[in-house]
>>> print(open('my_file.txt').read())   # compact mmCIF, C-alpha atoms
# COMPACT_ATOMS: atom_id res chain seq x y z
CA MET F 285 -166.20 142.42 190.57
CA GLU F 286 -165.98 141.60 194.25
CA LEU F 287 -167.62 138.22 193.62
CA PHE F 288 -165.09 137.53 190.91
CA ASN F 289 -162.26 138.32 193.28
CA ARG F 290 -163.71 135.98 195.89
CA THR F 291 -164.08 133.02 193.54
CA ALA F 292 -161.65 133.34 190.61
CA VAL F 293 -158.48 134.38 192.39
CA PRO F 294 -158.49 131.49 194.91
CA GLY F 295 -159.26 129.10 192.08
CA ILE F 296 -156.34 130.31 189.99
CA LEU F 297 -154.05 130.13 193.00
CA MET F 298 -155.21 126.56 193.81
CA PHE F 299 -154.77 125.44 190.20
CA THR F 300 -151.29 126.91 190.03
CA ALA F 301 -150.30 125.35 193.36
CA PHE F 302 -151.71 121.97 192.23
CA MET F 303 -149.78 122.03 188.92
CA LEU F 304 -146.58 122.95 190.72
CA THR F 305 -147.11 120.00 193.07
CA LEU F 306 -147.59 117.62 190.13
CA THR F 307 -144.44 119.02 188.49
CA TRP F 308 -142.44 118.35 191.65
CA VAL F 309 -143.75 114.78 191.70
CA TYR F 310 -142.74 114.34 188.04
CA MET F 311 -139.25 115.65 188.81
CA PHE F 312 -138.99 113.23 191.70
CA ILE F 313 -139.91 110.29 189.43
CA ARG F 314 -137.31 111.37 186.84
CA LEU F 315 -134.61 111.46 189.52
CA LEU F 316 -135.61 107.99 190.70
CA GLN F 317 -135.16 106.69 187.14
CA ILE F 318 -131.62 108.08 186.99
CA LYS F 319 -130.71 106.27 190.25
CA VAL F 320 -127.56 108.31 190.78
CA CYS F 321 -128.94 111.40 192.55
CA ARG F 322 -130.00 110.26 195.99
CA LYS F 323 -129.54 113.58 197.81
CA GLU F 324 -131.22 115.49 194.99
CA SER F 325 -134.13 113.05 195.02
CA LEU F 326 -134.58 113.66 198.76
CA ALA F 327 -134.55 117.44 198.23
CA VAL F 328 -137.10 117.23 195.41
CA SER F 329 -139.35 115.02 197.52
CA LEU F 330 -139.19 117.66 200.29
CA CYS F 331 -140.09 120.37 197.75
CA SER F 332 -143.03 118.24 196.62
CA VAL F 333 -144.30 118.06 200.21
CA LEU F 334 -143.90 121.80 200.71
CA SER F 335 -145.66 122.52 197.43
CA TYR F 336 -148.53 120.26 198.46
CA THR F 337 -148.66 122.14 201.82
CA VAL F 338 -148.98 125.46 199.99
CA TYR F 339 -151.76 123.98 197.88
CA THR F 340 -153.56 122.78 201.03
CA LEU F 341 -153.27 126.19 202.74
CA ILE F 342 -154.71 127.96 199.71
CA ARG F 343 -157.56 125.47 199.52
CA ASP F 344 -158.45 125.65 203.25
CA ARG F 345 -158.18 129.46 203.67
CA ASN F 346 -160.52 130.82 201.04
CA GLY F 347 -161.49 133.87 203.08
CA GLU F 348 -158.00 135.06 203.36
CA ARG F 349 -156.23 135.96 200.19
CA PRO F 350 -152.49 135.73 200.71
CA VAL F 351 -151.93 136.58 197.08
CA GLY F 352 -148.54 138.16 197.64
CA VAL F 353 -147.30 135.28 199.74
CA CYS F 354 -148.64 132.76 197.22
CA LEU F 355 -147.06 134.52 194.28
CA THR F 356 -143.73 134.64 196.11
CA ALA F 357 -143.97 130.91 196.85
CA PHE F 358 -144.90 130.22 193.25
CA LEU F 359 -141.96 132.26 191.99
CA VAL F 360 -139.53 130.48 194.27
CA GLN F 361 -140.89 127.08 193.20
CA THR F 362 -140.67 128.03 189.53
CA VAL F 363 -137.00 128.98 189.92
CA LEU F 364 -136.27 125.77 191.81
CA LEU F 365 -138.12 123.70 189.21
CA THR F 366 -136.11 125.30 186.42
CA VAL F 367 -132.85 124.57 188.22
CA THR F 368 -133.96 120.98 188.92
CA GLY F 369 -135.04 120.44 185.30
CA MET F 370 -131.65 121.63 184.03
CA PHE F 371 -129.89 119.38 186.54
CA ILE F 372 -131.92 116.35 185.41
CA TYR F 373 -131.21 117.16 181.75
CA ARG F 374 -127.44 117.28 182.36
CA GLN F 375 -127.55 114.05 184.37
CA GLU F 376 -129.39 112.23 181.59
CA LYS F 377 -126.82 113.41 179.05
CA THR F 378 -123.82 112.38 181.15
CA HIS F 379 -125.15 109.31 182.99
CA LEU F 380 -126.70 106.08 181.73
CA SER F 381 -129.84 104.75 183.25
CA ALA F 382 -130.23 101.06 183.98
CA MET F 383 -132.52 100.68 180.98
CA SER F 384 -130.16 102.54 178.67
CA PHE F 385 -127.26 100.44 179.89
CA ARG F 386 -129.18 97.22 179.31
CA GLU F 387 -130.17 98.27 175.79
CA GLY F 388 -126.58 99.17 174.94
CA PHE F 389 -125.31 95.92 176.48
CA ASP F 390 -127.69 93.87 174.35
CA THR F 391 -126.88 95.68 171.11
CA LEU F 392 -123.12 95.07 171.33
CA PRO F 393 -121.80 93.03 168.37
CA ALA F 394 -119.62 90.97 170.73
CA GLY F 395 -121.06 88.34 173.04
CA LEU F 396 -120.59 89.07 176.77
CA CYS F 397 -121.16 86.89 179.80
CA PHE F 398 -120.30 87.64 183.44
CA TYR F 399 -120.59 84.86 185.98
CA THR F 400 -119.39 84.05 189.48
CA ASP F 401 -117.98 80.91 191.09
CA GLY F 402 -120.12 77.91 190.24
CA GLY F 403 -120.95 79.30 186.80
CA VAL F 404 -123.99 81.35 187.90
CA PRO F 405 -124.52 84.03 185.20
CA LYS F 406 -124.81 87.59 186.51
CA MET F 407 -125.21 89.32 183.17
CA VAL F 408 -125.50 87.85 179.68
CA ASN F 409 -126.19 89.95 176.61
CA TYR F 410 -128.41 88.93 173.75
CA ARG F 411 -125.52 88.10 171.41
CA MET F 412 -123.94 85.62 173.80
CA ASP F 413 -127.24 83.99 174.67
CA SER F 414 -128.20 83.54 171.01
CA LEU F 415 -124.70 82.21 170.25
CA TYR F 416 -124.98 79.64 173.05
CA SER F 417 -128.44 78.70 171.76
CA GLU F 418 -127.02 78.08 168.25
CA ILE F 419 -124.30 75.85 169.70
CA THR F 420 -126.34 73.83 172.20
CA GLY F 421 -129.98 74.60 171.46
CA ASP F 422 -130.53 75.87 175.02
CA HIS F 423 -130.17 79.07 177.06
CA LEU F 424 -126.95 79.87 178.91
CA SER F 425 -127.31 78.82 182.54
CA ASN F 426 -123.77 77.80 183.53
CA GLY F 427 -120.93 80.01 182.35
CA GLU F 428 -118.19 77.88 183.91
CA GLU F 429 -119.35 74.71 182.15
CA PHE F 430 -119.64 76.61 178.86
CA TRP F 431 -116.07 77.87 179.12
CA GLN F 432 -114.72 74.44 180.09
CA LYS F 433 -116.28 72.76 177.04
CA LEU F 434 -115.01 75.54 174.80
CA SER F 435 -111.48 75.07 176.17
CA ASP F 436 -111.67 71.31 175.64
CA GLY F 437 -113.05 71.68 172.09
CA ALA F 438 -115.96 69.45 173.09
CA TYR F 439 -118.61 71.06 170.90
CA GLN F 440 -119.30 69.73 167.42
CA CYS F 441 -118.63 73.15 165.90
CA SER F 442 -115.34 73.62 167.79
CA VAL F 443 -112.33 74.36 165.60
CA SER F 444 -109.73 74.59 168.37
CA GLY F 445 -109.61 74.71 172.16
CA GLY F 446 -107.11 76.10 174.63
CA LYS F 447 -106.96 79.60 176.08
CA GLN F 448 -108.52 81.19 173.00
CA PRO F 449 -110.94 78.61 171.60
CA ILE F 450 -112.53 79.07 168.18
CA ILE F 451 -115.87 77.76 166.92
CA CYS F 452 -117.38 77.79 163.44
CA LEU F 453 -121.17 77.71 163.14
CA PRO F 454 -123.00 75.88 160.33
CA ASP F 455 -123.71 79.18 158.55
CA GLY F 456 -119.95 79.81 158.25
CA THR F 457 -119.56 82.47 160.96
CA ALA F 458 -116.61 81.98 163.29
CA PHE F 459 -116.09 83.26 166.85
CA SER F 460 -113.07 83.50 169.11
CA PHE F 461 -113.51 83.45 172.91
CA MET F 462 -111.48 85.22 175.59
CA HIS F 463 -111.71 84.54 179.32
CA SER F 464 -110.58 86.78 182.18
CA VAL F 465 -111.20 87.48 185.88
CA ILE F 466 -112.18 90.90 187.27
CA LYS F 467 -112.83 92.17 190.80
CA VAL F 468 -116.24 93.60 191.65
CA ARG F 469 -116.72 94.62 195.32
CA ASN F 470 -113.91 92.27 196.36
CA GLU F 471 -115.57 89.35 194.59
CA ASP F 472 -114.16 87.43 191.62
CA VAL F 473 -116.32 87.82 188.54
CA TYR F 474 -115.45 85.87 185.39
CA GLU F 475 -115.78 87.59 182.03
CA LEU F 476 -116.32 85.67 178.80
CA ILE F 477 -116.13 87.57 175.49
CA ALA F 478 -117.07 86.17 172.06
CA SER F 479 -115.66 88.09 169.07
CA ASP F 480 -116.74 87.61 165.45
CA ILE F 481 -113.64 86.60 163.44
CA THR F 482 -115.40 85.24 160.34
CA GLY F 483 -113.31 87.32 157.93
CA LEU F 484 -110.00 86.42 159.55
CA TYR F 485 -110.99 82.76 159.85
CA ASN F 486 -111.92 82.48 156.16
CA LEU F 487 -108.71 84.27 155.20
CA ALA F 488 -106.67 81.88 157.36
CA LYS F 489 -108.35 78.87 155.74
CA GLU F 490 -107.67 80.27 152.29
CA LEU F 491 -104.03 80.89 153.14
CA GLU F 492 -103.72 77.38 154.57
CA GLU F 493 -105.11 75.86 151.39
CA LYS F 494 -102.79 77.98 149.25
CA LYS F 495 -99.86 76.98 151.43
CA LYS F 496 -100.76 73.33 151.05
CA ARG F 497 -101.03 73.65 147.27
CA SER F 498 -97.75 75.52 147.09
CA GLN F 499 -96.05 72.77 149.11
CA GLN F 500 -97.40 70.17 146.71
CA ILE F 501 -96.21 72.18 143.71
CA ASN F 502 -92.82 72.70 145.35
CA ALA F 503 -92.47 68.97 146.01
CA ARG F 504 -93.36 68.16 142.41
CA LEU F 505 -90.88 70.71 141.12
CA LYS F 506 -88.17 69.12 143.26
CA ALA F 507 -89.15 65.70 141.94
CA LEU F 508 -89.13 67.03 138.39
CA ASN F 509 -85.70 68.55 138.93
CA SER F 510 -84.43 65.19 140.21
CA THR F 511 -85.98 63.40 137.24
CA MET F 512 -84.31 65.81 134.84
CA ARG F 513 -80.91 64.94 136.31
CA TYR F 514 -81.48 61.28 135.59
CA VAL F 515 -82.68 62.11 132.09
CA ILE F 516 -79.43 63.99 131.52
CA MET F 517 -77.49 61.01 132.84
CA GLU F 518 -79.35 58.68 130.51
CA LYS F 519 -78.59 61.05 127.64
CA GLU F 520 -74.90 60.97 128.52
CA LEU F 521 -75.06 57.18 128.76
CA LEU F 522 -76.62 57.06 125.30
CA ALA F 523 -73.80 59.23 123.99
CA ILE F 524 -71.26 56.82 125.51
CA LYS F 525 -73.03 53.83 123.98
CA THR F 526 -73.09 55.59 120.61
CA ARG F 527 -69.36 56.20 120.89
CA ILE F 528 -68.74 52.54 121.74
CA HIS F 529 -70.89 51.56 118.79
CA ASP F 530 -68.82 53.81 116.51
CA GLU F 531 -65.56 52.44 117.86
CA LEU F 532 -66.83 48.90 117.38
CA GLY F 533 -67.73 49.77 113.81
CA GLN F 534 -64.24 51.15 113.26
CA SER F 535 -62.73 48.00 114.72
CA LEU F 536 -64.80 45.84 112.38
CA LEU F 537 -63.77 47.94 109.40
CA LEU F 538 -60.15 47.73 110.50
CA GLY F 539 -60.41 43.95 110.79
CA ARG F 540 -61.98 43.71 107.33
CA ARG F 541 -59.18 45.81 105.84
CA TYR F 542 -56.61 43.59 107.58
CA LEU F 543 -58.18 40.50 106.06
CA ALA F 544 -58.13 42.11 102.61
CA SER F 545 -54.65 43.68 102.82
CA PRO F 546 -52.65 42.57 105.87
CA GLU F 547 -49.61 44.58 104.84
CA LYS F 548 -51.58 47.87 105.02
CA VAL F 549 -52.73 47.45 108.65
CA ASN F 550 -50.73 47.52 111.86
CA ALA F 551 -51.75 44.25 113.54
CA ASP F 552 -50.66 45.30 117.04
CA GLN F 553 -52.65 48.54 116.88
CA MET F 554 -55.69 46.66 115.54
CA LEU F 555 -55.56 44.11 118.38
CA LYS F 556 -55.17 46.89 120.94
CA GLN F 557 -58.27 48.66 119.62
CA TRP F 558 -60.24 45.40 119.63
CA LYS F 559 -59.14 44.71 123.16
CA ASN F 560 -60.22 48.16 124.39
CA THR F 561 -63.57 47.98 122.62
CA PHE F 562 -64.52 44.50 123.87
CA GLY F 563 -63.19 45.34 127.31
CA LEU F 564 -65.77 48.09 127.67
CA LEU F 565 -68.53 45.75 126.56
CA LEU F 566 -67.53 42.81 128.75
CA TYR F 567 -66.79 44.61 132.04
CA GLU F 568 -69.24 47.50 132.03
CA GLU F 569 -71.15 47.50 135.32
CA ARG F 570 -74.44 49.26 135.79
CA GLU F 571 -74.19 52.25 138.12
CA ASP F 572 -76.66 52.91 140.93
CA TRP F 573 -78.48 55.61 139.02
CA GLN F 574 -79.05 53.19 136.14
CA LYS F 575 -80.87 50.62 138.29
CA PRO F 576 -84.65 50.18 137.82
CA TYR F 577 -87.09 52.18 140.02
CA LEU F 578 -84.37 54.48 141.43
CA VAL F 579 -85.83 57.64 139.89
CA ASN F 580 -89.36 57.11 141.25
CA THR F 581 -88.19 55.97 144.69
CA ARG F 582 -86.10 59.15 144.97
CA ARG F 583 -89.06 61.11 143.64
CA ALA F 584 -91.24 59.74 146.46
CA GLU F 585 -88.75 61.08 149.02
CA LEU F 586 -88.83 64.51 147.38
CA LEU F 587 -92.64 64.46 147.57
CA GLY F 588 -92.36 63.88 151.32
CA VAL F 589 -93.52 60.25 151.14
CA LYS F 590 -91.48 57.56 152.89
CA LEU F 591 -91.45 54.46 150.68
CA THR F 592 -91.12 51.10 152.45
CA VAL F 593 -90.62 47.97 150.33
CA GLU F 594 -91.15 44.52 151.82
CA GLY F 595 -89.56 41.96 149.55
CA VAL F 596 -87.63 42.43 146.31
CA LEU F 597 -89.05 44.36 143.38
CA PRO F 598 -88.96 42.26 140.19
CA GLU F 599 -86.37 43.32 137.62
CA ASP F 600 -87.78 41.29 134.74
CA GLU F 601 -87.36 43.39 131.62
CA HIS F 602 -91.01 43.11 130.55
CA LEU F 603 -92.28 44.23 134.00
CA ILE F 604 -90.01 47.16 134.84
CA ALA F 605 -92.14 49.76 133.04
CA VAL F 606 -95.35 48.52 134.73
CA ILE F 607 -93.90 48.48 138.25
CA ASP F 608 -92.12 51.79 137.78
CA THR F 609 -95.39 53.41 136.70
CA ALA F 610 -97.19 51.81 139.64
CA ILE F 611 -94.68 53.30 142.12
CA ALA F 612 -95.05 56.76 140.54
CA VAL F 613 -98.88 56.63 140.54
CA HIS F 614 -99.08 55.28 144.09
CA THR F 615 -96.70 57.77 145.71
CA THR F 616 -98.34 60.69 143.91
CA ASN F 617 -101.83 59.63 145.04
CA VAL F 618 -100.64 59.16 148.62
CA GLN F 619 -99.33 62.72 148.72
CA ARG F 620 -102.11 64.40 146.72
CA HIS F 621 -105.33 62.61 147.69
CA ALA F 622 -104.72 60.44 150.78
CA GLU F 623 -102.63 63.17 152.47
CA GLY F 624 -100.34 60.43 153.74
CA THR F 625 -96.65 60.42 154.60
CA GLU F 626 -95.81 56.74 154.13
CA ALA F 627 -96.32 54.33 151.23
CA TYR F 628 -95.89 50.57 151.54
CA ILE F 629 -95.12 47.99 148.85
CA ARG F 630 -95.25 44.28 149.63
CA ILE F 631 -94.08 41.66 147.12
CA THR F 632 -94.93 37.96 147.13
CA GLU F 633 -94.44 35.42 144.36
CA ASP F 634 -95.26 31.88 143.34
CA GLU F 635 -94.10 29.74 140.45
CA ARG F 636 -95.77 31.83 137.78
CA PHE F 637 -96.69 35.24 139.18
CA TYR F 638 -95.56 38.22 141.21
CA ASN F 639 -98.18 39.68 143.57
CA ILE F 640 -97.43 43.31 144.48
CA TYR F 641 -99.59 45.13 147.07
CA PHE F 642 -99.61 48.93 147.46
CA THR F 643 -100.95 50.53 150.70
CA ASN F 644 -100.40 53.75 152.67
CA ASN F 645 -101.02 55.44 156.02
CA GLY F 646 -103.34 58.15 154.62
CA LYS F 647 -107.11 58.49 154.76
CA ALA F 648 -109.33 56.09 152.87
CA PRO F 649 -111.32 57.38 149.85
CA GLU F 650 -114.76 58.51 151.02
CA ASN F 651 -116.79 57.60 147.93
CA GLY F 652 -114.81 54.83 146.33
CA ILE F 653 -112.45 55.23 143.40
CA ARG F 654 -113.02 56.15 139.78
CA GLU F 655 -110.17 54.96 137.61
CA SER F 656 -108.88 57.61 135.25
CA GLY F 657 -105.56 59.10 134.35
CA GLY F 658 -102.70 57.30 136.06
CA LEU F 659 -104.70 54.38 137.49
CA LEU F 660 -106.44 53.67 134.18
CA ASN F 661 -103.13 53.79 132.33
CA LEU F 662 -101.55 51.47 134.91
CA ARG F 663 -104.38 48.94 134.51
CA ARG F 664 -103.90 48.90 130.75
CA MET F 665 -100.15 48.42 131.12
CA ALA F 666 -100.67 45.52 133.56
CA GLU F 667 -103.16 43.85 131.23
CA ARG F 668 -100.86 44.29 128.22
CA ALA F 669 -98.11 42.59 130.22
CA GLY F 670 -100.43 39.62 130.77
CA GLY F 671 -101.44 40.50 134.35
CA GLY F 672 -104.25 42.28 136.17
CA MET F 673 -104.98 44.95 138.77
CA LYS F 674 -107.45 45.17 141.66
CA ILE F 675 -108.31 48.16 143.88
CA ARG F 676 -110.32 48.48 147.06
CA SER F 677 -110.98 51.54 149.23
CA LEU F 678 -112.52 50.15 152.46
CA PRO F 679 -111.55 49.80 155.22
CA ALA F 680 -108.32 51.20 153.76
CA PHE F 681 -106.97 51.78 150.28
CA GLU F 682 -105.15 48.84 148.72
CA MET F 683 -104.01 48.32 145.14
CA ALA F 684 -102.68 44.97 143.94
CA LEU F 685 -100.90 43.96 140.77
CA LYS F 686 -100.59 40.37 139.60
CA LEU F 687 -97.86 40.14 136.98
CA PRO F 688 -96.59 37.04 135.18
CA LYS F 689 -92.95 36.04 135.34
CA GLU F 690 -93.08 35.14 131.66
CA LYS F 691 -94.63 37.14 128.84
CA ILE F 692 -98.18 35.82 128.48
CA THR F 693 -101.53 37.24 127.38
CA GLU F 694 -103.93 35.36 129.69
CA ASP F 695 -106.40 37.62 131.53
CA PHE F 696 -106.09 37.57 135.31
CA GLY F 697 -108.61 40.31 136.04
CA ASP F 698 -110.76 38.27 138.47
CA TYR F 699 -108.28 37.13 141.13
CA GLU F 700 -108.81 37.74 144.85
CA LEU F 701 -107.17 40.66 146.70
CA SER F 702 -106.17 39.94 150.34
CA GLY F 703 -108.98 37.45 150.65
CA ALA F 704 -111.73 39.85 149.52
CA TYR F 705 -112.89 40.48 145.95
CA CYS F 706 -112.56 44.09 144.88
CA GLY F 707 -113.90 45.19 141.54
CA ARG F 708 -113.65 48.63 140.02
CA LEU F 709 -115.20 51.24 142.27
CA GLN F 710 -116.83 54.48 141.19
CA ASP F 711 -117.48 58.08 142.24
CA ASP F 712 -114.05 59.19 143.39
CA THR F 713 -111.14 61.02 141.85
CA SER F 714 -108.32 59.61 144.00
CA ASP F 715 -106.06 58.99 141.06
CA VAL F 716 -103.44 60.76 138.95
>>> encode(input="my_file.txt", output="structure tokens")
Amino acid sequence: MELFNRTAVPGILMFTAFMLTLTWVYMFIRLLQIKVCRKESLAVSLCSVLSYTVYTLIRDRNGERPVGVCLTAFLVQTVLLTVTGMFIYRQEKTHLSAMSFREGFDTLPAGLCFYTDGGVPKMVNYRMDSLYSEITGDHLSNGEEFWQKLSDGAYQCSVSGGKQPIICLPDGTAFSFMHSVIKVRNEDVYELIASDITGLYNLAKELEEKKKRSQQINARLKALNSTMRYVIMEKELLAIKTRIHDELGQSLLLGRRYLASPEKVNADQMLKQWKNTFGLLLYEEREDWQKPYLVNTRRAELLGVKLTVEGVLPEDEHLIAVIDTAIAVHTTNVQRHAEGTEAYIRITEDERFYNIYFTNNGKAPENGIRESGGLLNLRRMAERAGGGMKIRSLPAFEMALKLPKEKITEDFGDYELSGAYCGRLQDDTSDV
């Protein structure tokens, strides 16, 4: 029993003192990881040293058995370790470590970049770095240069520049950037934030397309309303002509009755009626709204297309329908497909033919032109009138009509257009 007391008790005391020393070292390491408890870390390091001193004293003084003193020291250390452990637990719950902060910074859905003067990045999260890599194929090394190019809209995927530039990546995702300056330890630090606005961007594009279509429909409705007015006028004119025709018929019947029975007809009244009837026929002047091409030229204005005519449009009776259709088809295509605002018509003539050229200030067809609808109908009308039509799309759209001054049936489908032959092109739908 005495031998056991001499060997076992010191061993237990040494083991306990050693474990307490290791625990203090572990607590010290935990405090260093938190990096916000400098005074506490110093106190724990001091406790570690004292615990190691107790362990050394127990190890070196085997003959003496300060069991009471050792147990008191162990009890005090246990209480202090418990308090320290609770303190570390609360600090970890209420304070972020550098590693935790970095992990949270990298998992943010928004891209973040902080840089100083000269564009040197101080902190860039994973989202911003991957976004820069998708745009340029490289890693972000100069924040100032990145922001300048975004503001200028210099990247291929840039949608707009300015103070809040927007980019759209090839996969369809869109980002908006915000730039600001913050003070950190009296030093200017520039903050660049990239926010995902894919949903809003797609919605804005959809609304823009709907707005554009509604404007086109509105313009056509206005043009249709204008056309209806002229149709009503033509209907009223037809009613007037019918009335004149009836009055002329009555005058002829009255004249016939006078020839058969002069005594039954008032000669003065008959002459007055003849005079009024033939006066309407001899001196009737055509009003402005009855002139050729007026409806479609007004219609072009309602569509938002400024029509400029160089020369005089032919008013030959057999060509009016062809030219009127050509004006309608051309102005509609300029507004619908070329997205232009101006249409030009140039007229030249020689002894036998009128040459009429149609151009515009819109974009050229990308894949040529496939004739269907309005263009195909216009070609057939021109050929039936004894003329021909040519179209070219590069470097700019041009349509030309060659129409005879006299009614003929000769085919003129192979003449030259502005010095360059242009046959029928394919693979486009830039027509009515």
>>> closest_residue(input="my_file.txt", among="F:Ile604, F:Ile631, F:Val589, F:Val549", to="Val618 of chain F", atoms="all atoms listed in the file")
F:Val589
>>> atom_distance(input="my_file.txt", atom1="atom CA of Asp608 of chain F", atom2="atom CA of Ala648 of chain F")
23.3 Å
>>> closest_atom_pairs(input="my_file.txt", of="segment 532-625 of chain F", to="segment 658-664 of chain F", cutoff="12 Å", atoms="all atoms listed in the file", output="CSV")
residue,atom,partner,partner_atom,distance
F:Leu603,CA,F:Leu662,CA,11.8
F:Ala605,CA,F:Leu662,CA,9.7
F:Val606,CA,F:Leu662,CA,6.9
F:Ile607,CA,F:Leu662,CA,8.9
F:Asp608,CA,F:Leu662,CA,9.9
F:Thr609,CA,F:Leu662,CA,6.7
F:Ala610,CA,F:Leu662,CA,6.4
F:Ile611,CA,F:Leu662,CA,10.1
F:Ala612,CA,F:Gly658,CA,8.9
F:Val613,CA,F:Gly658,CA,5.9
F:His614,CA,F:Leu659,CA,8.7
F:Thr615,CA,F:Gly658,CA,11.4
F:Thr616,CA,F:Gly658,CA,9.6
F:Asn617,CA,F:Gly658,CA,9.3
>>> atom_distance(input="my_file.txt", atom1="atom CA of Leu304 of chain F", atom2="atom CA of Tyr336 of chain F")
8.4 Å
>>> residues_around(input="my_file.txt", residues="Ser442 of chain F", least_positions_apart="4", cutoff="10 Å", atoms="only C-alpha atoms", output="list in words")
Ile419, Lys433, Leu434, Ser435, Asp436, Gly437, Ala438, Pro449, Ile450, Ile451, Cys452, Leu453, Ala458 and Phe459 of chain F
>>> write_last_selection(input="my_file.txt", atoms="C-alpha atoms", output="mmCIF file, in the coordinates of the input")
data_model
loop_
_atom_site.group_PDB
_atom_site.id
_atom_site.type_symbol
_atom_site.label_atom_id
_atom_site.label_comp_id
_atom_site.auth_asym_id
_atom_site.auth_seq_id
_atom_site.Cartn_x
_atom_site.Cartn_y
_atom_site.Cartn_z
ATOM 1 C CA ILE F 419 -124.300 75.850 169.700
ATOM 2 C CA LYS F 433 -116.280 72.760 177.040
ATOM 3 C CA LEU F 434 -115.010 75.540 174.800
ATOM 4 C CA SER F 435 -111.480 75.070 176.170
ATOM 5 C CA ASP F 436 -111.670 71.310 175.640
ATOM 6 C CA GLY F 437 -113.050 71.680 172.090
ATOM 7 C CA ALA F 438 -115.960 69.450 173.090
ATOM 8 C CA PRO F 449 -110.940 78.610 171.600
ATOM 9 C CA ILE F 450 -112.530 79.070 168.180
ATOM 10 C CA ILE F 451 -115.870 77.760 166.920
ATOM 11 C CA CYS F 452 -117.380 77.790 163.440
ATOM 12 C CA LEU F 453 -121.170 77.710 163.140
ATOM 13 C CA ALA F 458 -116.610 81.980 163.290
ATOM 14 C CA PHE F 459 -116.090 83.260 166.850
#
>>> residues_around(input="my_file.txt", residues="segment 323-330 of chain F", least_positions_apart="5", cutoff="8 Å", atoms="only C-alpha atoms", output="list in words")
Trp308, Val309, Met311, Phe312, Leu315 and Leu316 of chain F
>>> atom_distance(input="my_file.txt", atom1="atom CA of Lys689 of chain F", atom2="atom CA of Tyr638 of chain F")
6.8 Å
>>> residues_around(input="my_file.txt", residues="Met303 of chain F", least_positions_apart="2", cutoff="12 Å", atoms="only C-alpha atoms", output="list in words")
Ile296, Leu297, Met298, Phe299, Thr300, Ala301, Thr305, Leu306, Thr307, Trp308, Val309, Tyr310, Ser332, Ser335, Tyr336, Val338, Tyr339, Phe358, Gln361, Thr362 and Leu365 of chain F
>>> closest_residue(input="my_file.txt", among="F:Ser460, F:Ile313, F:Lys590, F:Lys556", to="Ser444 of chain F", atoms="only C-alpha atoms")
F:Ser460
>>> closest_residue(input="my_file.txt", among="F:Arg469, F:Val353, F:Leu476, F:Thr482", to="Lys447 of chain F", atoms="only C-alpha atoms")
F:Leu476
>>> axis_aligned_box(input="my_file.txt", around="segment 604-607 of chain F", padding_each_side="3 Å", output="JSON")
{"center_x": -92.7, "center_y": 48.5, "center_z": 135.6, "size_x": 11.3, "size_y": 8.6, "size_z": 11.2}
>>> residues_near_point(input="my_file.txt", point="(-124.3, 85.6, 169.9)", cutoff="12 Å", atoms="only C-alpha atoms", output="mmCIF file with C-alpha atoms, in the coordinates of the input")
data_model
loop_
_atom_site.group_PDB
_atom_site.id
_atom_site.type_symbol
_atom_site.label_atom_id
_atom_site.label_comp_id
_atom_site.auth_asym_id
_atom_site.auth_seq_id
_atom_site.Cartn_x
_atom_site.Cartn_y
_atom_site.Cartn_z
ATOM 1 C CA ASP F 390 -127.690 93.870 174.350
ATOM 2 C CA THR F 391 -126.880 95.680 171.110
ATOM 3 C CA LEU F 392 -123.120 95.070 171.330
ATOM 4 C CA PRO F 393 -121.800 93.030 168.370
ATOM 5 C CA ALA F 394 -119.620 90.970 170.730
ATOM 6 C CA GLY F 395 -121.060 88.340 173.040
ATOM 7 C CA LEU F 396 -120.590 89.070 176.770
ATOM 8 C CA CYS F 397 -121.160 86.890 179.800
ATOM 9 C CA VAL F 408 -125.500 87.850 179.680
ATOM 10 C CA ASN F 409 -126.190 89.950 176.610
ATOM 11 C CA TYR F 410 -128.410 88.930 173.750
ATOM 12 C CA ARG F 411 -125.520 88.100 171.410
ATOM 13 C CA MET F 412 -123.940 85.620 173.800
ATOM 14 C CA ASP F 413 -127.240 83.990 174.670
ATOM 15 C CA SER F 414 -128.200 83.540 171.010
ATOM 16 C CA LEU F 415 -124.700 82.210 170.250
ATOM 17 C CA TYR F 416 -124.980 79.640 173.050
ATOM 18 C CA SER F 417 -128.440 78.700 171.760
ATOM 19 C CA GLU F 418 -127.020 78.080 168.250
ATOM 20 C CA ILE F 419 -124.300 75.850 169.700
ATOM 21 C CA HIS F 423 -130.170 79.070 177.060
ATOM 22 C CA LEU F 424 -126.950 79.870 178.910
ATOM 23 C CA ILE F 451 -115.870 77.760 166.920
ATOM 24 C CA LEU F 453 -121.170 77.710 163.140
ATOM 25 C CA THR F 457 -119.560 82.470 160.960
ATOM 26 C CA ALA F 458 -116.610 81.980 163.290
ATOM 27 C CA PHE F 459 -116.090 83.260 166.850
ATOM 28 C CA SER F 460 -113.070 83.500 169.110
ATOM 29 C CA PHE F 461 -113.510 83.450 172.910
ATOM 30 C CA LEU F 476 -116.320 85.670 178.800
ATOM 31 C CA ILE F 477 -116.130 87.570 175.490
ATOM 32 C CA ALA F 478 -117.070 86.170 172.060
ATOM 33 C CA SER F 479 -115.660 88.090 169.070
ATOM 34 C CA ASP F 480 -116.740 87.610 165.450
#
>>> residues_near_point(input="my_file.txt", point="(-99.6, 71.3, 151.9)", cutoff="12 Å", atoms="all atoms listed in the file", output="JSON, numbers by chain")
{"F": [491, 492, 493, 494, 495, 496, 497, 498, 499, 500, 501, 502, 503, 504, 587, 588, 619, 620, 621, 623, 624, 625]}
